[in-house]
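Q: Here you go, this is final-v7.pdb (PDB, C-alpha atoms).
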MODEL        1
ATOM      1  CA  MET A 118      63.626   4.126 -24.545
ATOM      2  CA  VAL A 119      63.917   0.777 -22.791
ATOM      3  CA  ARG A 120      66.945  -1.267 -23.700
ATOM      4  CA  THR A 121      66.429  -4.830 -24.940
ATOM      5  CA  LEU A 122      68.897  -7.596 -24.154
ATOM      6  CA  THR A 123      69.349 -10.601 -26.428
ATOM      7  CA  LEU A 124      71.306 -13.792 -26.877
ATOM      8  CA  GLY A 125      73.767 -11.632 -28.826
ATOM      9  CA  ASP A 126      74.627  -9.818 -25.598
ATOM     10  CA  GLY A 127      76.223 -13.006 -24.274
ATOM     11  CA  LEU A 128      73.209 -14.035 -22.226
ATOM     12  CA  ILE A 129      72.172 -17.677 -22.042
ATOM     13  CA  PRO A 130      68.742 -18.614 -20.660
ATOM     14  CA  VAL A 131      70.016 -21.450 -18.460
ATOM     15  CA  ASP A 132      72.580 -19.123 -16.853
ATOM     16  CA  LEU A 133      69.813 -16.698 -15.870
ATOM     17  CA  LEU A 134      67.755 -19.590 -14.532
ATOM     18  CA  HIS A 135      70.672 -21.028 -12.568
ATOM     19  CA  SER A 136      71.455 -17.649 -10.991
ATOM     20  CA  GLY A 137      67.792 -17.125 -10.149
ATOM     21  CA  ILE A 138      67.644 -20.453  -8.358
ATOM     22  CA  CYS A 139      70.830 -19.637  -6.450
ATOM     23  CA  HIS A 140      69.344 -16.266  -5.432
ATOM     24  CA  ILE A 141      66.180 -17.843  -4.015
ATOM     25  CA  GLU A 142      68.215 -20.403  -2.075
ATOM     26  CA  ALA A 143      70.398 -17.601  -0.668
ATOM     27  CA  SER A 144      67.265 -15.609   0.166
ATOM     28  CA  LYS A 145      65.881 -18.585   2.086
ATOM     29  CA  LEU A 146      69.072 -18.905   4.126
ATOM     30  CA  ILE A 147      69.140 -15.187   4.857
ATOM     31  CA  PHE A 148      65.469 -15.029   5.903
ATOM     32  CA  LYS A 149      66.215 -17.832   8.393
ATOM     33  CA  ALA A 150      69.384 -16.159   9.679
ATOM     34  CA  ASN A 151      68.603 -12.782  11.176
ATOM     35  CA  PRO A 152      66.106  -9.905  10.692
ATOM     36  CA  TYR A 153      69.093  -7.595  10.257
ATOM     37  CA  PHE A 154      69.553  -9.111   6.783
ATOM     38  CA  TYR A 155      65.906  -9.187   5.641
ATOM     39  CA  ASP A 156      66.480  -6.354   3.150
ATOM     40  CA  SER A 157      69.078  -8.482   1.383
ATOM     41  CA  ALA A 158      66.800 -11.529   1.502
ATOM     42  CA  GLY A 159      63.893  -9.591   0.021
ATOM     43  CA  TYR A 160      65.993  -8.086  -2.729
ATOM     44  CA  LEU A 161      67.427 -11.489  -3.645
ATOM     45  CA  ALA A 162      63.894 -12.916  -3.760
ATOM     46  CA  HIS A 163      62.963 -10.167  -6.224
ATOM     47  CA  MET A 164      66.078 -10.890  -8.295
ATOM     48  CA  SER A 165      65.247 -14.584  -8.329
ATOM     49  CA  ALA A 166      61.812 -13.984  -9.825
ATOM     50  CA  GLU A 167      63.238 -11.444 -12.274
ATOM     51  CA  LEU A 168      65.870 -13.865 -13.540
ATOM     52  CA  LEU A 169      63.385 -16.730 -13.905
ATOM     53  CA  LEU A 170      61.067 -14.503 -15.935
ATOM     54  CA  LYS A 171      63.923 -13.192 -18.070
ATOM     55  CA  ALA A 172      65.269 -16.723 -18.648
ATOM     56  CA  TRP A 173      61.787 -17.710 -19.850
ATOM     57  CA  LEU A 174      61.545 -14.679 -22.150
ATOM     58  CA  LEU A 175      65.061 -15.218 -23.495
ATOM     59  CA  GLN A 176      64.255 -18.869 -24.196
ATOM     60  CA  GLU A 177      60.945 -18.080 -25.919
ATOM     61  CA  ALA A 178      61.662 -14.761 -27.653
ATOM     62  CA  GLN A 179      65.477 -14.615 -27.632
ATOM     63  CA  LYS A 180      65.169 -11.198 -25.945
ATOM     64  CA  PHE A 181      63.781  -9.330 -22.959
ATOM     65  CA  LYS A 182      63.379  -5.738 -21.839
ATOM     66  CA  ALA A 183      66.052  -4.525 -19.410
ATOM     67  CA  ILE A 184      63.446  -3.620 -16.789
ATOM     68  CA  HIS A 185      62.886  -4.760 -13.229
ATOM     69  CA  ASN A 186      59.072  -4.704 -13.119
ATOM     70  CA  LEU A 187      58.022  -8.304 -12.572
ATOM     71  CA  SER A 188      54.369  -7.686 -13.366
ATOM     72  CA  GLU A 189      55.269  -6.208 -16.751
ATOM     73  CA  LEU A 190      57.661  -9.064 -17.537
ATOM     74  CA  TYR A 191      55.050 -11.675 -16.642
ATOM     75  CA  GLN A 192      52.351  -9.869 -18.624
ATOM     76  CA  GLU A 193      54.591 -10.056 -21.709
ATOM     77  CA  LEU A 194      54.781 -13.831 -21.203
ATOM     78  CA  VAL A 195      50.984 -13.999 -21.020
ATOM     79  CA  ASP A 196      50.354 -11.692 -23.984
ATOM     80  CA  ALA A 197      53.006 -12.944 -26.389
ATOM     81  CA  HIS A 198      54.056 -16.412 -25.255
ATOM     82  CA  GLY A 199      50.997 -18.215 -23.945
ATOM     83  CA  ALA A 200      51.716 -18.157 -20.208
ATOM     84  CA  MET A 201      48.676 -18.648 -18.005
ATOM     85  CA  PRO A 202      47.385 -15.638 -16.059
ATOM     86  CA  LEU A 203      48.345 -15.777 -12.394
ATOM     87  CA  SER A 204      45.990 -16.687  -9.574
ATOM     88  CA  ALA A 205      45.023 -13.908  -7.159
ATOM     89  CA  GLU A 206      47.538 -15.237  -4.604
ATOM     90  CA  HIS A 207      50.356 -15.373  -7.140
ATOM     91  CA  GLU A 208      49.462 -11.829  -8.277
ATOM     92  CA  ARG A 209      49.735 -10.721  -4.645
ATOM     93  CA  VAL A 210      53.174 -12.287  -4.252
ATOM     94  CA  LEU A 211      54.365 -10.884  -7.578
ATOM     95  CA  GLY A 212      53.266  -7.438  -6.374
ATOM     96  CA  LEU A 213      55.101  -7.953  -3.090
ATOM     97  CA  LEU A 214      58.275  -8.943  -4.924
ATOM     98  CA  ASP A 215      57.898  -5.891  -7.163
ATOM     99  CA  VAL A 216      57.919  -3.760  -3.997
ATOM    100  CA  TYR A 217      61.035  -5.583  -2.789
ATOM    101  CA  GLU A 218      62.895  -4.256  -5.829
ATOM    102  CA  GLN A 219      62.853  -0.917  -3.977
ATOM    103  CA  LEU A 220      65.177  -2.467  -1.382
ATOM    104  CA  ARG A 221      67.960  -1.829  -3.898
ATOM    105  CA  TYR A 222      68.152   1.790  -2.730
ATOM    106  CA  PRO A 223      67.257   2.438   0.927
ATOM    107  CA  ASN A 224      64.948   5.438   1.119
ATOM    108  CA  ARG A 225      64.013   7.019   4.450
ATOM    109  CA  ASP A 226      61.155   8.938   2.813
ATOM    110  CA  LYS A 227      59.605   5.720   1.458
ATOM    111  CA  PRO A 228      60.948   2.802   3.497
ATOM    112  CA  THR A 229      60.147  -0.704   2.240
ATOM    113  CA  GLU A 230      58.768  -3.081   4.825
ATOM    114  CA  VAL A 231      60.134  -6.606   4.634
ATOM    115  CA  GLY A 232      59.762  -9.606   6.921
ATOM    116  CA  ASP A 233      59.885 -13.362   6.875
ATOM    117  CA  GLY A 234      56.121 -13.857   7.222
ATOM    118  CA  ASP A 235      55.648 -13.956   3.457
ATOM    119  CA  TRP A 236      58.511 -16.388   2.881
ATOM    120  CA  PRO A 237      56.290 -19.487   2.417
ATOM    121  CA  ALA A 238      54.210 -17.676  -0.230
ATOM    122  CA  ILE A 239      57.349 -16.369  -1.968
ATOM    123  CA  GLU A 240      58.907 -19.823  -2.051
ATOM    124  CA  ALA A 241      55.668 -21.328  -3.389
ATOM    125  CA  PHE A 242      55.479 -18.657  -6.081
ATOM    126  CA  ILE A 243      59.065 -19.256  -7.220
ATOM    127  CA  HIS A 244      58.340 -22.995  -7.381
ATOM    128  CA  TYR A 245      55.248 -22.222  -9.458
ATOM    129  CA  LEU A 246      57.268 -20.047 -11.866
ATOM    130  CA  TYR A 247      59.862 -22.797 -12.170
ATOM    131  CA  SER A 248      57.156 -25.339 -12.982
ATOM    132  CA  CYS A 249      55.856 -23.109 -15.783
ATOM    133  CA  LEU A 250      59.211 -22.784 -17.531
ATOM    134  CA  PRO A 251      59.683 -24.523 -20.874
ATOM    135  CA  SER A 252      60.925 -28.095 -20.520
ATOM    136  CA  SER A 253      63.951 -27.156 -22.619
ATOM    137  CA  LEU A 254      65.098 -24.887 -19.772
ATOM    138  CA  HIS A 255      64.601 -27.660 -17.220
ATOM    139  CA  ASP A 256      66.626 -29.991 -19.450
ATOM    140  CA  ALA A 257      69.398 -27.412 -19.849
ATOM    141  CA  LEU A 258      69.563 -26.899 -16.072
ATOM    142  CA  ASP A 259      69.897 -30.665 -15.581
ATOM    143  CA  GLN A 260      73.067 -30.495 -17.687
ATOM    144  CA  VAL A 261      74.735 -27.837 -15.513
ATOM    145  CA  LYS A 262      77.577 -29.311 -13.491
ATOM    146  CA  PRO A 263      77.257 -28.813  -9.710
ATOM    147  CA  PHE A 264      80.326 -26.614  -9.401
ATOM    148  CA  GLU A 265      79.876 -24.637 -12.584
ATOM    149  CA  LYS A 266      78.068 -21.349 -12.937
ATOM    150  CA  ASP A 267      77.792 -19.067 -15.943
ATOM    151  CA  GLY A 268      80.603 -20.882 -17.728
ATOM    152  CA  ARG A 269      83.029 -20.680 -14.832
ATOM    153  CA  GLU A 270      84.110 -23.184 -12.253
ATOM    154  CA  LEU A 271      83.179 -22.410  -8.664
ATOM    155  CA  MET A 272      85.896 -23.016  -6.115
ATOM    156  CA  ARG A 273      87.102 -21.731  -2.826
ATOM    157  CA  ARG A 274      90.163 -19.614  -2.999
ATOM    158  CA  ARG A 275      91.559 -16.890  -0.890
ATOM    159  CA  ILE A 276      91.587 -13.469  -2.448
ATOM    160  CA  GLU A 277      94.731 -11.753  -1.319
ATOM    161  CA  THR A 278      94.284  -8.157  -0.337
ATOM    162  CA  GLN A 279      96.819  -5.610  -1.386
ATOM    163  CA  THR A 280      98.060  -3.133   1.175
TER     164      THR A 280
ENDMDL
END
Output the file's structure in the form of structure tokens.
A:
Amino acid sequence: MVRTLTLGDGLIPVDLLHSGICHIEASKLIFKANPYFYDSAGYLAHMSAELLLKAWLLQEAQKFKAIHNLSELYQELVDAHGAMPLSAEHERVLGLLDVYEQLRYPNRDKPTEVGDGDWPAIEAFIHYLYSCLPSSLHDALDQVKPFEKDGRELMRRRIETQT
């Protein structure tokens, strides 16, 4: 049985959205940095889309399935919440990002190919998803302070290691 997460689990839609946006920005930086890190960039791109979709579902339905399949999450938005079906190009990118979820666990028997050639399409797709979000989520994100994330203040501080 698939677990369902709700507002009662301490999740707030704008926090998911904020993290998703941070993940896509980090993905962009990593894709520009070095092919050695493309697996991380691809996985973060997947996570970005997942969090945007889950923020949307949490905002609309106050719950979402604890799954990682982007196509299934988006189809729920279409079927139950009036989202528009995706264009063929956006379907292609969603499928690509679904494959990138496999980057979570490196597998020599089924390696996942990842490169920066699809970055422009990924970025365009994430922008499209963002534009489809309810205006209430956009408004909530506008209220987030620049150095605040998930109810905590972001700051630089040295973490002392214990020896």
Q: How many Å separate CA of Tyr155 in chain A from CA of Gly234 in chain A?
A: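 CA of Gly234 in chain A lies 11.0 Å from CA of Tyr155 in chain A.
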Q: Between A:Asp156, A:Glu277, A:Glu206, A:Asp132, which has the minimum distance to Lys171 in chain A (counting all atoms listed in the file)?
A: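 The shortest atom-to-atom distance to Lys171 in chain A comes from A:Asp132.
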Q: Starting from the displayed file, determine the output of the PyMOL selection byres ((chain A and resi 179-183) around 8) and express the residue list as a JSON list (two decimals) with C-alpha atoms, in the coordinates of the input.
A:
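Final file, part_26.json:
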[["chain", "number", "residue", "atom", "x", "y", "z"],
["A", 119, "VAL", "CA", 63.92, 0.78, -22.79],
["A", 120, "ARG", "CA", 66.94, -1.27, -23.70],
["A", 121, "THR", "CA", 66.43, -4.83, -24.94],
["A", 122, "LEU", "CA", 68.90, -7.60, -24.15],
["A", 123, "THR", "CA", 69.35, -10.60, -26.43],
["A", 124, "LEU", "CA", 71.31, -13.79, -26.88],
["A", 171, "LYS", "CA", 63.92, -13.19, -18.07],
["A", 174, "LEU", "CA", 61.54, -14.68, -22.15],
["A", 175, "LEU", "CA", 65.06, -15.22, -23.50],
["A", 176, "GLN", "CA", 64.26, -18.87, -24.20],
["A", 177, "GLU", "CA", 60.94, -18.08, -25.92],
["A", 178, "ALA", "CA", 61.66, -14.76, -27.65],
["A", 184, "ILE", "CA", 63.45, -3.62, -16.79],
["A", 185, "HIS", "CA", 62.89, -4.76, -13.23],
["A", 190, "LEU", "CA", 57.66, -9.06, -17.54]]
Q: One decimal, Å: what's the distance from CA of Glu189 in chain A over to CA of Glu167 in chain A, could you say?
A: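 Computing the Euclidean distance for CA of Glu189 in chain A and CA of Glu167 in chain A yields 10.5 Å.
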Q: Go through A:Glu265, A:Glu230, A:Asp235, A:Glu240 and flag the residue nearest Ala143 in chain A, using all atoms listed in the file for the distances.
A: A:Glu240
